[in-house]
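Dropping query29.csv in here (CSV, C-alpha atoms and all ligand atoms):
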```
chain,number,residue,atom,x,y,z
A,19,MET,CA,122.1,133.4,83.1
A,20,LYS,CA,119.1,133.7,80.9
A,21,LEU,CA,118.6,130.9,78.4
A,22,GLY,CA,117.3,131.4,74.9
A,23,LYS,CA,114.2,129.6,73.8
A,24,LYS,CA,116.2,126.8,71.9
A,25,LYS,CA,118.6,126.1,74.8
A,26,ARG,CA,115.7,126.2,77.3
A,27,GLY,CA,113.8,123.7,75.2
A,28,GLU,CA,116.8,121.4,75.0
A,29,LEU,CA,117.4,121.6,78.7
A,30,LEU,CA,113.8,121.0,79.7
A,31,LEU,CA,113.4,118.1,77.3
A,32,GLU,CA,116.5,116.5,78.8
A,33,VAL,CA,115.2,117.1,82.3
A,34,ASN,CA,111.9,115.4,81.2
A,35,ARG,CA,113.8,112.5,79.7
A,36,ILE,CA,116.1,111.9,82.7
A,37,LEU,CA,113.3,112.2,85.3
A,38,TYR,CA,111.0,110.0,83.3
A,39,GLY,CA,113.7,107.3,83.4
A,40,LYS,CA,113.4,107.4,87.2
A,41,TYR,CA,109.8,108.3,87.9
A,42,GLY,CA,107.9,107.2,84.7
A,43,ASP,CA,104.2,107.9,84.6
A,44,CYS,CA,103.2,109.6,87.8
A,45,HIS,CA,99.8,109.9,89.4
A,46,CYS,CA,98.4,112.5,91.6
A,47,SER,CA,99.0,111.4,95.2
A,48,LEU,CA,95.7,112.9,96.4
A,49,ASP,CA,92.8,110.4,96.5
A,50,TYR,CA,89.6,111.4,94.6
A,51,ASN,CA,86.7,109.9,92.7
A,52,ASN,CA,85.6,112.9,90.7
A,53,PRO,CA,86.8,116.4,89.8
A,54,MET,CA,85.0,118.1,92.7
A,55,GLN,CA,86.6,115.8,95.2
A,56,LEU,CA,90.0,116.7,93.6
A,57,LEU,CA,89.2,120.4,93.8
A,58,VAL,CA,88.5,120.1,97.6
A,59,ALA,CA,91.5,117.9,98.1
A,60,VAL,CA,93.8,120.4,96.4
A,61,ILE,CA,92.4,123.2,98.6
A,62,LEU,CA,93.1,121.0,101.7
A,63,SER,CA,96.6,120.2,100.6
A,64,ALA,CA,98.0,123.7,101.1
A,65,GLN,CA,100.8,123.4,103.7
A,66,CYS,CA,99.6,119.9,104.5
A,67,THR,CA,100.8,116.5,103.3
A,68,ASP,CA,98.8,114.5,100.8
A,69,VAL,CA,98.8,111.6,103.2
A,70,ARG,CA,97.0,113.6,105.8
A,71,VAL,CA,94.5,115.0,103.2
A,72,ASN,CA,93.8,111.4,102.1
A,73,LYS,CA,92.9,110.5,105.7
A,74,ILE,CA,90.4,113.4,105.9
A,75,THR,CA,88.6,113.3,102.6
A,76,PRO,CA,86.8,109.9,102.8
A,77,GLY,CA,84.9,111.0,105.9
A,78,LEU,CA,84.4,114.5,104.5
A,79,PHE,CA,82.9,113.3,101.2
A,80,LYS,CA,80.7,110.9,103.1
A,81,LYS,CA,79.2,113.7,105.0
A,82,PHE,CA,79.2,116.3,102.2
A,83,PRO,CA,79.0,114.3,98.9
A,84,ASP,CA,78.6,117.2,96.4
A,85,ALA,CA,78.9,120.9,95.7
A,86,ALA,CA,75.3,121.5,97.0
A,87,ALA,CA,76.1,119.9,100.4
A,88,LEU,CA,79.4,121.8,100.7
A,89,ALA,CA,77.8,125.1,99.7
A,90,GLU,CA,75.1,124.9,102.3
A,91,VAL,CA,77.1,123.4,105.2
A,92,GLU,CA,77.4,125.3,108.5
A,93,ILE,CA,81.0,126.6,108.4
A,94,GLU,CA,81.7,125.3,111.9
A,95,ASN,CA,80.7,121.7,110.8
A,96,LEU,CA,83.0,122.0,107.9
A,97,GLU,CA,85.9,123.3,110.0
A,98,GLU,CA,85.4,120.4,112.4
A,99,ALA,CA,85.6,117.9,109.6
A,100,ILE,CA,88.8,119.2,108.2
A,101,LYS,CA,90.5,120.4,111.4
A,102,SER,CA,93.5,118.1,111.1
A,103,ALA,CA,94.5,119.7,107.7
A,104,GLY,CA,95.7,122.9,109.5
A,105,LEU,CA,94.7,126.4,108.4
A,106,PHE,CA,91.2,124.9,108.7
A,107,ARG,CA,89.3,128.1,109.1
A,108,ASN,CA,90.6,129.5,105.8
A,109,LYS,CA,90.3,126.2,104.1
A,110,ALA,CA,86.7,125.8,105.2
A,111,LYS,CA,85.9,129.2,103.8
A,112,SER,CA,87.6,128.5,100.5
A,113,ILE,CA,85.9,125.1,100.1
A,114,LYS,CA,82.5,126.6,100.8
A,115,LYS,CA,83.0,129.6,98.5
A,116,ALA,CA,84.3,127.4,95.7
A,117,ALA,CA,81.3,125.1,96.1
A,118,GLN,CA,78.9,128.1,96.1
A,119,SER,CA,80.4,129.5,92.9
A,120,LEU,CA,80.4,126.0,91.3
A,121,LEU,CA,76.6,125.9,92.0
A,122,GLU,CA,76.0,129.4,90.8
A,123,LYS,CA,78.0,129.3,87.6
A,124,PHE,CA,78.2,125.6,86.6
A,125,ASP,CA,75.2,123.9,88.2
A,126,GLY,CA,77.6,122.1,90.6
A,127,VAL,CA,79.7,120.5,87.8
A,128,VAL,CA,83.4,121.3,87.7
A,129,PRO,CA,84.3,122.9,84.4
A,130,ASP,CA,87.1,121.5,82.3
A,131,THR,CA,88.6,124.8,81.1
A,132,MET,CA,91.2,127.1,82.6
A,133,GLU,CA,88.9,130.0,82.2
A,134,GLY,CA,86.0,128.2,83.9
A,135,LEU,CA,88.1,126.9,86.7
A,136,THR,CA,89.9,130.2,87.5
A,137,SER,CA,86.5,131.9,87.6
A,138,LEU,CA,85.7,129.8,90.7
A,139,ALA,CA,86.2,131.6,94.1
A,140,GLY,CA,89.7,130.8,95.4
A,141,VAL,CA,90.9,128.8,92.4
A,142,GLY,CA,94.2,130.0,90.8
A,143,ARG,CA,96.1,128.7,87.8
A,144,LYS,CA,98.0,126.1,89.9
A,145,THR,CA,94.9,124.4,91.2
A,146,ALA,CA,93.2,124.7,87.8
A,147,ASN,CA,96.2,123.0,86.1
A,148,VAL,CA,96.1,120.2,88.7
A,149,ILE,CA,92.4,119.6,87.9
A,150,LEU,CA,92.8,119.9,84.2
A,151,GLY,CA,95.7,117.4,84.1
A,152,ASP,CA,94.7,114.9,86.7
A,153,ALA,CA,90.9,114.9,86.6
A,154,PHE,CA,90.3,115.6,82.9
A,155,GLY,CA,93.5,114.4,81.2
A,156,ILE,CA,93.9,117.9,79.6
A,157,PRO,CA,97.5,119.1,79.6
A,158,GLY,CA,98.3,121.5,82.4
A,159,LEU,CA,101.5,122.5,84.2
A,160,PRO,CA,100.9,123.2,87.8
A,161,VAL,CA,103.8,125.4,89.1
A,162,ASP,CA,104.2,125.0,92.8
A,163,THR,CA,107.1,125.8,95.2
A,164,HIS,CA,109.0,122.7,94.1
A,165,VAL,CA,108.7,123.4,90.4
A,166,LYS,CA,109.7,127.0,90.9
A,167,ARG,CA,112.8,126.1,93.0
A,168,VAL,CA,114.0,123.2,90.8
A,169,LEU,CA,113.6,124.9,87.5
A,170,ASN,CA,115.4,128.0,88.8
A,171,ARG,CA,118.3,126.0,90.2
A,172,ILE,CA,118.7,124.0,87.0
A,173,GLY,CA,118.7,127.3,85.1
A,174,ALA,CA,115.7,126.6,82.9
A,175,VAL,CA,113.9,129.7,84.2
A,176,ASP,CA,115.0,132.9,86.0
A,177,THR,CA,111.9,134.0,87.7
A,178,ASP,CA,109.7,133.2,90.7
A,179,ASN,CA,106.6,134.2,88.9
A,180,ALA,CA,104.5,131.0,88.5
A,181,GLU,CA,102.6,132.3,85.5
A,182,LYS,CA,105.8,133.2,83.7
A,183,ILE,CA,107.4,129.9,84.5
A,184,GLU,CA,104.4,128.1,83.2
A,185,ALA,CA,104.5,130.1,79.9
A,186,MET,CA,108.3,129.5,79.6
A,187,VAL,CA,108.0,125.8,79.9
A,188,ASN,CA,104.9,125.5,77.8
A,189,GLU,CA,106.5,127.4,75.0
A,190,VAL,CA,109.2,124.7,74.5
A,191,VAL,CA,107.8,121.5,75.9
A,192,PRO,CA,105.0,119.6,74.1
A,193,PRO,CA,101.7,119.6,75.9
A,194,GLU,CA,101.5,115.9,76.4
A,195,TYR,CA,104.5,116.1,78.8
A,196,TRP,CA,103.2,119.0,80.9
A,197,THR,CA,101.2,117.2,83.6
A,198,ASN,CA,103.7,114.4,84.2
A,199,LEU,CA,106.7,116.8,84.1
A,200,SER,CA,105.2,118.8,86.9
A,201,HIS,CA,104.6,115.6,88.9
A,202,MET,CA,108.1,114.4,88.4
A,203,ILE,CA,109.7,117.7,89.3
A,204,ILE,CA,107.6,117.9,92.5
A,205,LEU,CA,108.9,114.4,93.4
A,206,HIS,CA,112.4,115.3,92.6
A,207,GLY,CA,112.1,118.5,94.6
A,208,ARG,CA,110.8,116.6,97.6
A,209,GLU,CA,113.2,113.8,97.5
A,210,ILE,CA,116.5,115.3,96.2
A,211,CYS,CA,116.4,119.0,95.4
A,212,ASN,CA,114.9,120.1,98.6
A,213,ALA,CA,114.8,123.7,99.7
A,214,ARG,CA,117.3,123.7,102.5
A,215,LYS,CA,119.8,121.0,101.5
A,216,PRO,CA,119.7,119.8,98.0
A,217,ASP,CA,121.5,116.4,97.6
A,218,CYS,CA,123.4,117.5,94.6
A,219,GLU,CA,126.0,114.8,94.7
A,220,ASN,CA,123.4,112.1,94.3
A,221,CYS,CA,121.2,114.0,91.8
A,222,ILE,CA,120.6,112.5,88.4
A,223,LEU,CA,120.4,116.0,87.0
A,224,ASN,CA,123.6,117.4,88.3
A,225,HIS,CA,125.5,117.2,85.0
A,226,ILE,CA,123.0,119.6,83.4
A,227,CYS,CA,122.3,121.8,86.5
A,228,ALA,CA,123.4,125.4,86.6
A,229,TYR,CA,123.4,125.5,90.5
A,230,TYR,CA,125.6,122.4,90.6
A,231,ALA,CA,128.0,123.8,88.0
A,232,LYS,CA,128.3,127.1,89.9
A,233,SER,CA,128.9,125.4,93.2
A,234,HIS,CA,131.6,123.2,91.7
A,235,LYS,CA,133.7,125.8,89.9
A,301,LIG,S1,122.1,119.2,91.2
A,301,LIG,FE1,121.4,120.0,93.1
A,301,LIG,S2,120.4,121.9,92.7
A,301,LIG,FE2,120.7,120.8,90.8
A,301,LIG,S3,118.7,119.8,90.5
A,301,LIG,FE3,120.1,118.4,91.5
A,301,LIG,S4,119.8,118.6,93.7
A,301,LIG,FE4,118.9,120.4,92.6
```

I'd like the structure from this file rewritten - as structure tokens, please.
Ligand code: SF4
Amino acid sequence: MKLGKKKRGELLLEVNRILYGKYGDCHCSLDYNNPMQLLVAVILSAQCTDVRVNKITPGLFKKFPDAAALAEVEIENLEEAIKSAGLFRNKAKSIKKAAQSLLEKFDGVVPDTMEGLTSLAGVGRKTANVILGDAFGIPGLPVDTHVKRVLNRIGAVDTDNAEKIEAMVNEVVPPEYWTNLSHMIILHGREICNARKPDCENCILNHICAYYAKSHK
């Protein structure tokens, strides 16, 4: 069922309120010391746990401390350094290309705008929103697989299109909540509302969830 703007806003603010009671202010679980390190960590985190990424990045940034070093690295050396992250060939290519476009367009400094970030090779809205929110404190709503799944199940959105979901949430939720809301939904999706077997009986959102209501008719 498609919710109107007002109902969607009420539902999402209630989700935000309830999840905040459990998770509070969340932090990015990737370790980084500057926006460029976060950019690289986000690229590495595709289909890989943040814990594993955090094991790789200290050594990686010791060897290749800035965009210039990453842009010039022999690709085999980069692949070797990130091997345990999986999909390492593609990830090495993405990191090198992003570093090269950072150097070409922004003198090696990560931009703090959606437009600037998405102009970098291989950086989409999800990655850009992570960097805006976590590295710069600028509101952004990263929509990953957990955010997509949870918001669809709850009934707040009715699409798998990440850009549409972002717009539908941002239209009704104040910007100061965006970054933390995304973090909280991701945690909820990992811990409770997981893809294969959501733990609906123990879910603190079940009284406002469309999926739960449907399966308990
Ligand atoms: S009630 Fe079930 S489907 Fe709904 S948010 Fe909770 S775990 Fe997910």

To one decimal place in Å, what is the distance between CA of Ile74 in chain A and CA of Glu92 in chain A?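 Atom-to-atom, CA of Ile74 in chain A to CA of Glu92 in chain A, that is 17.8 Å.
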
With all atoms listed in the file as the counted atoms, please give the residues lying no more than 9 Å from Met186 in chain A, apart from itself and same-chain residues fewer than 2 positions off, as a list in words.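 Once the nearby chain positions are removed, what remains is Lys23, Arg26, Ala174, Val175, Glu181, Lys182, Ile183, Glu184, Asn188, Glu189, Val190 and Val191 of chain A.
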
At a cut-off of 8 Å, can you tabulate as CSV every residue of chain A near ligand LIG 301 (chain A) together with its closest atom pair and the distance in Å to one decimal, using only C-alpha atoms and all ligand atoms and ordering rows by chain then number?
```
residue,atom,partner,partner_atom,distance
A:Val168,CA,A:LIG301,S3,5.8
A:Leu169,CA,A:LIG301,S3,7.8
A:Arg171,CA,A:LIG301,S2,5.2
A:Ile172,CA,A:LIG301,FE2,5.4
A:Gly207,CA,A:LIG301,FE4,7.3
A:Ile210,CA,A:LIG301,S4,5.3
A:Cys211,CA,A:LIG301,S4,3.8
A:Asn212,CA,A:LIG301,S4,7.1
A:Pro216,CA,A:LIG301,S4,4.5
A:Asp217,CA,A:LIG301,S4,4.8
A:Cys218,CA,A:LIG301,FE1,3.5
A:Glu219,CA,A:LIG301,S1,6.8
A:Asn220,CA,A:LIG301,S4,7.5
A:Cys221,CA,A:LIG301,FE3,4.5
A:Ile222,CA,A:LIG301,FE3,6.7
A:Leu223,CA,A:LIG301,FE3,5.1
A:Asn224,CA,A:LIG301,S1,3.7
A:His225,CA,A:LIG301,S1,7.3
A:Ile226,CA,A:LIG301,FE2,7.8
A:Cys227,CA,A:LIG301,FE2,4.7
A:Ala228,CA,A:LIG301,FE2,6.8
A:Tyr229,CA,A:LIG301,S2,5.2
A:Tyr230,CA,A:LIG301,S1,4.8
```

So how far away is CA of Arg214 in chain A from CA of Asn170 in chain A, in Å? 14.5 Å

Work out how far CA of His45 in chain A is from CA of His201 in chain A, in Å to one decimal. 7.5 Å

Test item: residues at most 8 Å from Ser112 in chain A, only C-alpha atoms, excluding those fewer than 4 positions along its chain, as an NGL selection string: :A and (61 or 108 or 116 or 139-140)

Once you count all atoms listed in the file, which residues end up no further than 9 Å from (108.7, 127.6, 91.6) in the file's frame, shown as a ChimeraX atom specification? /A:161-170,177-180,183

Find the spatial neighbours of Asp125 in chain A, counting all atoms listed in the file, within a cut-off of 10 Å - ignore same-chain residues fewer than 5 positions away - and output them as a PDB file with C-alpha atoms, in the frame of the given file.
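Written out: around.pdb:
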```
ATOM      1  CA  ALA A  85      78.900 120.900  95.700  1.00  0.00           C
ATOM      2  CA  ALA A  86      75.300 121.500  97.000  1.00  0.00           C
ATOM      3  CA  GLN A 118      78.900 128.100  96.100  1.00  0.00           C
ATOM      4  CA  SER A 119      80.400 129.500  92.900  1.00  0.00           C
ATOM      5  CA  LEU A 120      80.400 126.000  91.300  1.00  0.00           C
TER       6      LEU A 120
END
```

Nearest to Val187 in chain A, chosen from A:Leu21, A:Ile36, A:Val148, A:Leu121, with all atoms listed in the file counted in the distances: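 Counting all atoms listed in the file, the residue closest to Val187 in chain A is A:Leu21.
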
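Counting all atoms listed in the file, the residue from A:Pro192, A:Gly104, A:Pro83, A:Pro160 that sits nearest to Asn147 in chain A is A:Pro160.
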
Please identify all polymer residues within 12 Å of Lys111 in chain A, counting all atoms listed in the file, omitting same-chain residues fewer than 2 positions from it, and present them as a count of residues only. 27

Using only C-alpha atoms for the distances, tell me which of A:Asp176, A:Tyr41, A:Leu150, A:Glu209 is nearest to Gly134 in chain A.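 Of A:Asp176, A:Tyr41, A:Leu150, A:Glu209, the one nearest Gly134 in chain A is A:Leu150, counting only C-alpha atoms.
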
Shell around Asn52 in chain A at 8 Å using all atoms listed in the file, local window under 3 positions removed, as number ranges by chain: A: 55-56, 153

Option closest in space to Lys25 in chain A, from A:His206, A:Val128, A:Leu135, A:Gly173 [counting all atoms listed in the file]: A:Gly173

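Between Asp130 in chain A and the candidates A:Gly77, A:Gly142, A:Gly39, A:Gly151, the tightest atom-to-atom separation, counting only C-alpha atoms, involves A:Gly151.
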